[in-house]
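run34.txt (compact mmCIF, C-alpha atoms) appears below.
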# COMPACT_ATOMS: atom_id res chain seq x y z
CA LYS A 13 -55.29 -33.57 22.74
CA SER A 14 -52.16 -31.79 21.64
CA ILE A 15 -50.11 -31.24 24.80
CA PRO A 16 -46.69 -29.56 25.09
CA THR A 17 -44.14 -31.70 26.91
CA ASP A 18 -43.11 -28.83 29.21
CA PHE A 19 -46.47 -28.95 31.01
CA LYS A 20 -47.71 -32.46 30.25
CA ASP A 21 -47.86 -33.63 33.88
CA ALA A 22 -49.86 -30.61 35.08
CA ILE A 23 -52.18 -30.77 32.05
CA HIS A 24 -52.78 -34.53 32.39
CA LEU A 25 -53.53 -34.15 36.09
CA ALA A 26 -55.98 -31.28 35.52
CA LEU A 27 -57.69 -33.23 32.72
CA GLN A 28 -58.38 -36.11 35.13
CA TYR A 29 -60.84 -33.80 36.91
CA TYR A 30 -62.75 -33.26 33.66
CA PRO A 31 -63.60 -36.75 32.35
CA GLU A 32 -66.38 -35.20 30.26
CA LEU A 33 -63.64 -33.57 28.14
CA SER A 34 -61.92 -36.88 27.31
CA LYS A 35 -63.12 -36.78 23.69
CA THR A 36 -62.97 -33.00 23.30
CA ASN A 37 -60.44 -31.72 20.77
CA ILE A 38 -58.14 -29.38 22.72
CA LYS A 39 -54.84 -28.04 21.44
CA PHE A 40 -52.44 -26.49 23.96
CA ILE A 41 -50.07 -24.06 22.30
CA ILE A 42 -47.15 -22.11 23.73
CA ARG A 43 -46.52 -18.64 22.31
CA LYS A 44 -46.13 -15.02 23.29
CA SER A 45 -49.43 -13.64 24.52
CA LYS A 46 -50.64 -10.75 26.65
CA SER A 47 -52.61 -13.12 28.89
CA PRO A 48 -50.67 -15.86 30.75
CA LEU A 49 -53.34 -18.45 29.79
CA ALA A 50 -56.48 -18.30 27.68
CA ALA A 51 -59.03 -20.84 26.44
CA ARG A 52 -61.19 -20.30 23.39
CA PRO A 53 -62.97 -22.22 20.67
CA ILE A 54 -61.56 -22.07 17.17
CA PHE A 55 -63.74 -19.45 15.44
CA TRP A 56 -65.65 -21.68 13.02
CA ALA A 57 -66.11 -24.30 15.73
CA ILE A 58 -68.67 -22.12 17.51
CA PHE A 59 -71.13 -22.95 14.73
CA ARG A 60 -70.67 -26.71 15.16
CA GLN A 61 -72.11 -29.20 17.61
CA ALA A 62 -70.20 -29.26 20.90
CA SER A 63 -68.91 -32.78 20.15
CA LYS A 64 -67.25 -31.50 16.96
CA ARG A 65 -65.75 -28.28 18.29
CA LYS A 66 -62.05 -27.61 18.55
CA TYR A 67 -60.52 -25.52 21.31
CA ILE A 68 -57.19 -23.84 21.90
CA ILE A 69 -55.60 -23.15 25.26
CA THR A 70 -52.81 -20.64 24.78
CA ILE A 71 -49.97 -20.78 27.29
CA SER A 72 -47.90 -17.63 27.14
CA ASN A 73 -44.13 -18.02 27.23
CA SER A 74 -43.59 -14.26 27.22
CA SER A 75 -45.71 -11.32 28.35
CA ASN A 76 -45.31 -7.83 29.71
CA ALA A 77 -42.90 -7.49 32.65
CA LYS A 78 -45.70 -7.18 35.22
CA LEU A 79 -47.21 -10.57 34.27
CA THR A 80 -43.93 -12.47 33.77
CA PRO A 81 -43.88 -13.80 37.38
CA ILE A 82 -47.26 -15.51 36.83
CA LEU A 83 -46.54 -17.17 33.51
CA LEU A 84 -47.24 -20.90 33.77
CA LYS A 85 -43.53 -21.76 33.64
CA ASN A 86 -42.95 -19.58 36.74
CA LEU A 87 -45.68 -21.15 38.90
CA SER A 88 -45.51 -24.06 41.32
CA PHE A 89 -46.89 -27.39 40.09
CA ASN A 90 -50.11 -27.11 42.17
CA SER A 91 -50.72 -23.59 40.86
CA GLN A 92 -50.15 -24.81 37.29
CA VAL A 93 -52.77 -27.53 37.79
CA GLY A 94 -55.18 -24.99 39.32
CA VAL A 95 -54.97 -22.44 36.52
CA ILE A 96 -55.11 -25.14 33.82
CA GLY A 97 -58.19 -26.47 35.63
CA HIS A 98 -59.68 -22.98 35.42
CA GLU A 99 -59.11 -22.93 31.64
CA LEU A 100 -60.60 -26.42 31.30
CA ALA A 101 -63.65 -25.17 33.23
CA HIS A 102 -64.12 -22.60 30.44
CA ILE A 103 -64.05 -25.34 27.81
CA ASP A 104 -66.42 -27.56 29.80
CA PHE A 105 -68.83 -24.61 30.03
CA TYR A 106 -68.46 -23.78 26.33
CA ASN A 107 -69.41 -27.36 25.47
CA SER A 108 -72.83 -26.76 27.04
CA LYS A 109 -73.51 -23.71 24.85
CA CYS A 110 -74.65 -23.17 21.28
CA GLY A 111 -73.14 -20.78 18.74
CA VAL A 112 -75.39 -17.84 19.62
CA TYR A 113 -73.99 -17.85 23.17
CA PHE A 114 -70.49 -17.09 21.85
CA ILE A 115 -71.77 -13.94 20.17
CA SER A 116 -73.21 -12.76 23.49
CA LEU A 117 -69.93 -13.69 25.22
CA ALA A 118 -68.01 -11.52 22.75
CA LEU A 119 -70.34 -8.63 23.61
CA LYS A 120 -69.82 -9.27 27.34
CA HIS A 121 -66.17 -8.37 26.88
CA PHE A 122 -67.29 -4.74 26.71
CA SER A 123 -68.53 -4.99 30.30
CA LYS A 124 -66.00 -5.41 33.11
CA ARG A 125 -68.79 -6.44 35.46
CA ALA A 126 -69.96 -9.20 33.07
CA ILE A 127 -66.43 -10.53 32.61
CA ASP A 128 -65.83 -10.41 36.37
CA LYS A 129 -68.91 -12.60 36.89
CA PHE A 130 -67.92 -14.91 34.03
CA GLU A 131 -64.43 -15.52 35.48
CA PHE A 132 -65.73 -15.79 39.06
CA ASP A 133 -68.26 -18.42 37.93
CA THR A 134 -65.49 -20.26 36.09
CA ASP A 135 -63.48 -20.44 39.32
CA LYS A 136 -66.56 -21.90 41.01
CA ARG A 137 -66.85 -24.59 38.30
CA CYS A 138 -63.16 -25.41 38.82
CA VAL A 139 -63.77 -25.86 42.57
CA GLU A 140 -66.87 -27.98 41.83
CA HIS A 141 -64.71 -30.29 39.71
CA GLY A 142 -62.40 -30.96 42.66
CA LEU A 143 -59.53 -28.59 41.94
CA GLY A 144 -60.18 -26.27 44.88
CA PHE A 145 -56.83 -26.78 46.60
CA GLN A 146 -54.95 -26.27 43.33
CA LEU A 147 -56.97 -23.15 42.47
CA LEU A 148 -56.30 -21.90 46.01
CA SER A 149 -52.57 -22.42 45.45
CA TRP A 150 -52.78 -20.42 42.21
CA SER A 151 -54.82 -17.63 43.82
CA LYS A 152 -52.35 -17.25 46.71
CA GLU A 153 -49.28 -17.44 44.49
CA VAL A 154 -50.56 -14.89 41.97
CA ARG A 155 -51.52 -12.43 44.71
CA GLU A 156 -48.13 -12.83 46.37
CA LYS A 157 -46.13 -12.46 43.15
CA LEU A 158 -48.15 -9.47 41.93
CA ASP A 159 -48.32 -7.95 45.43
CA ILE A 160 -52.11 -7.67 45.38
CA LYS A 161 -53.41 -6.48 48.74
CA GLN A 162 -57.15 -6.55 47.93
CA TRP A 163 -58.67 -9.72 49.41
CA GLY A 164 -62.37 -9.00 48.88
CA GLY A 165 -64.43 -11.14 46.54
CA SER A 166 -66.84 -10.24 43.77
CA LYS A 167 -69.75 -11.19 46.06
CA SER A 168 -68.45 -9.22 49.05
CA PRO A 169 -70.50 -6.06 49.66
CA LYS A 170 -67.62 -4.34 51.50
CA ALA A 171 -64.96 -4.99 48.87
CA LYS A 172 -64.38 -4.02 45.29
CA ARG A 173 -65.26 -6.68 42.73
CA GLU A 174 -62.58 -9.13 41.77
CA ARG A 175 -62.41 -10.97 38.50
CA TYR A 176 -61.09 -14.19 40.06
CA MET A 177 -61.94 -15.68 43.45
CA ASN A 178 -59.59 -14.64 46.21
CA PRO A 179 -58.25 -17.30 48.63
CA ILE A 180 -60.90 -16.72 51.30
CA THR A 181 -63.70 -16.96 48.75
CA ILE A 182 -62.21 -20.18 47.35
CA ILE A 183 -62.09 -21.71 50.84
CA ASN A 184 -65.69 -20.64 51.49
CA CYS A 185 -66.73 -22.11 48.14
CA MET A 186 -64.90 -25.37 48.89
CA ASN A 187 -66.77 -25.61 52.19
CA THR A 188 -70.06 -25.83 50.26
CA PHE A 189 -69.06 -29.03 48.45
CA PRO A 190 -68.98 -32.44 50.20
CA ILE A 191 -65.78 -33.51 48.41
CA TYR A 192 -63.80 -31.05 50.55
CA ILE A 193 -65.42 -31.78 53.89
CA VAL A 194 -63.25 -33.88 56.19
CA ASP A 195 -64.96 -35.70 59.07
File written out as structure tokens:
Amino acid sequence: KSIPTDFKDAIHLALQYYPELSKTNIKFIIRKSKSPLAARPIFWAIFRQASKRKYIITISNSSNAKLTPILLKNLSFNSQVGVIGHELAHIDFYNSKCGVYFISLALKHFSKRAIDKFEFDTDKRCVEHGLGFQLLSWSKEVREKLDIKQWGGSKSPKAKRERYMNPITIINCMNTFPIYIVD
């Protein structure tokens, strides 16, 4: 792993929830990017076995003014761990796929509905891995900082679709996994 010192504690903590990625080659890079965080395989890696793939998680240090409040450096520690966990959930999922899948994923980017489902399912994988409280922190913080009023989830028939789980949906999802149930 290539990990920037600025976020090493949050990254190391999130990685503990993904022991299956312990031997996965992941490079975390900090640079200006439109998206605050993004995970992707290196292009030629998609044609290799999962065990030999290389991945990049880009952490933006500068973005448009609207997204600046939710850059990783501007988030609380728990929110940092949650959103890094979300990106690691992408990589964990990619490791279960073959090269042809990545071509279909590229085509899915033309469909907002398909990407909404893809990101929603990634949030669910993050919760399954035990990072529900951290993802909840991120979801609340992002909505507060961006002043998002819409609290419906992508599975809610009364609400518009959302790309990422909202706090209520995260709590409901957490309630379906024994690791979050307190006796």
Discussion item. One number please: CA of Ile193 (chain A) to CA of Phe89 (chain A), in Å, one decimal.
Written reply: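 We find that CA of Ile193 (chain A) and CA of Phe89 (chain A) lie 23.5 Å from each other.
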Worksheet item: Between A:Asn37, A:Gln61, A:Ser47, A:Thr181, which one has atoms that come closest to Gly144 (chain A), using only C-alpha atoms?
Response: A:Thr181
Discussion item. One number please: CA of Lys35 (chain A) to CA of Ile54 (chain A), in Å, one decimal.
Written reply: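 Atom-to-atom, CA of Lys35 (chain A) to CA of Ile54 (chain A), that is 16.2 Å.
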Discussion item. So, with only C-alpha atoms as the atoms that count, which of A:Ile15, A:Phe59, A:Ile183, A:Asp128 lies closest to Ile115 (chain A)?
Written reply: A:Phe59
Practice prompt. Give as a count of residues only every residue, naming chains and numbers as the document does, that has an atom within 10 Å of (-59.6, -28.5, 40.9), counting only C-alpha atoms.
Written response: 29
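With all atoms listed in the file as the atoms that count, the minimum distance from Ala118 (chain A) to the choices A:Leu83, A:Leu49, A:Met186, A:Ile58 is reached by A:Ile58.
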Worksheet entry | Shortest interatomic distance to Ser34 (chain A) - which of A:Arg65, A:Arg125, A:Lys120, A:Lys13, counting all atoms listed in the file |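 For Ser34 (chain A), the nearest of the given residues is A:Lys13.
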Worksheet item: Just how far from CA of Ser14 (chain A) is CA of Asp104 (chain A), in Å to one decimal?
Response: 17.0 Å
Discussion item. Env of Phe132 (chain A): 8 Å cut, atoms = only C-alpha atoms, seq-sep filter 5 positions within chain, self excluded. Answer as a list in words.
Written reply: Ser166, Glu174, Arg175, Tyr176 and Met177 of chain A
Just want the 8 Å neighbourhood of region 69-76 of chain A, counted on all atoms listed in the file, with same-chain residues fewer than 4 positions away dropped. Output as a PDB file with C-alpha atoms, in the coordinates of the input.
ATOM      1  CA  ILE A  38     -58.140 -29.380  22.720  1.00  0.00           C
ATOM      2  CA  LYS A  39     -54.840 -28.040  21.440  1.00  0.00           C
ATOM      3  CA  PHE A  40     -52.440 -26.490  23.960  1.00  0.00           C
ATOM      4  CA  ILE A  41     -50.070 -24.060  22.300  1.00  0.00           C
ATOM      5  CA  ILE A  42     -47.150 -22.110  23.730  1.00  0.00           C
ATOM      6  CA  ARG A  43     -46.520 -18.640  22.310  1.00  0.00           C
ATOM      7  CA  LYS A  44     -46.130 -15.020  23.290  1.00  0.00           C
ATOM      8  CA  SER A  45     -49.430 -13.640  24.520  1.00  0.00           C
ATOM      9  CA  LYS A  46     -50.640 -10.750  26.650  1.00  0.00           C
ATOM     10  CA  SER A  47     -52.610 -13.120  28.890  1.00  0.00           C
ATOM     11  CA  PRO A  48     -50.670 -15.860  30.750  1.00  0.00           C
ATOM     12  CA  LEU A  49     -53.340 -18.450  29.790  1.00  0.00           C
ATOM     13  CA  ALA A  50     -56.480 -18.300  27.680  1.00  0.00           C
ATOM     14  CA  ALA A  51     -59.030 -20.840  26.440  1.00  0.00           C
ATOM     15  CA  ARG A  52     -61.190 -20.300  23.390  1.00  0.00           C
ATOM     16  CA  THR A  80     -43.930 -12.470  33.770  1.00  0.00           C
ATOM     17  CA  LEU A  83     -46.540 -17.170  33.510  1.00  0.00           C
ATOM     18  CA  LEU A  84     -47.240 -20.900  33.770  1.00  0.00           C
ATOM     19  CA  LYS A  85     -43.530 -21.760  33.640  1.00  0.00           C
ATOM     20  CA  GLU A  99     -59.110 -22.930  31.640  1.00  0.00           C
TER      21      GLU A  99
END
Item to complete: Identify which of the residues A:Ser123, A:Ser108, A:Ser151, A:Ser91 lies closest to Ile180 (chain A), counting all atoms listed in the file when measuring atom-to-atom distances.
Response: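 Once distances to Ile180 (chain A) are computed over all atoms listed in the file, the minimum belongs to A:Ser151.
Nearest-residue note for Cys185 (chain A): choosing from A:Trp150, A:Ala22, A:Lys157, A:Asp133, the minimum distance belongs to A:Asp133, counting all atoms listed in the file.
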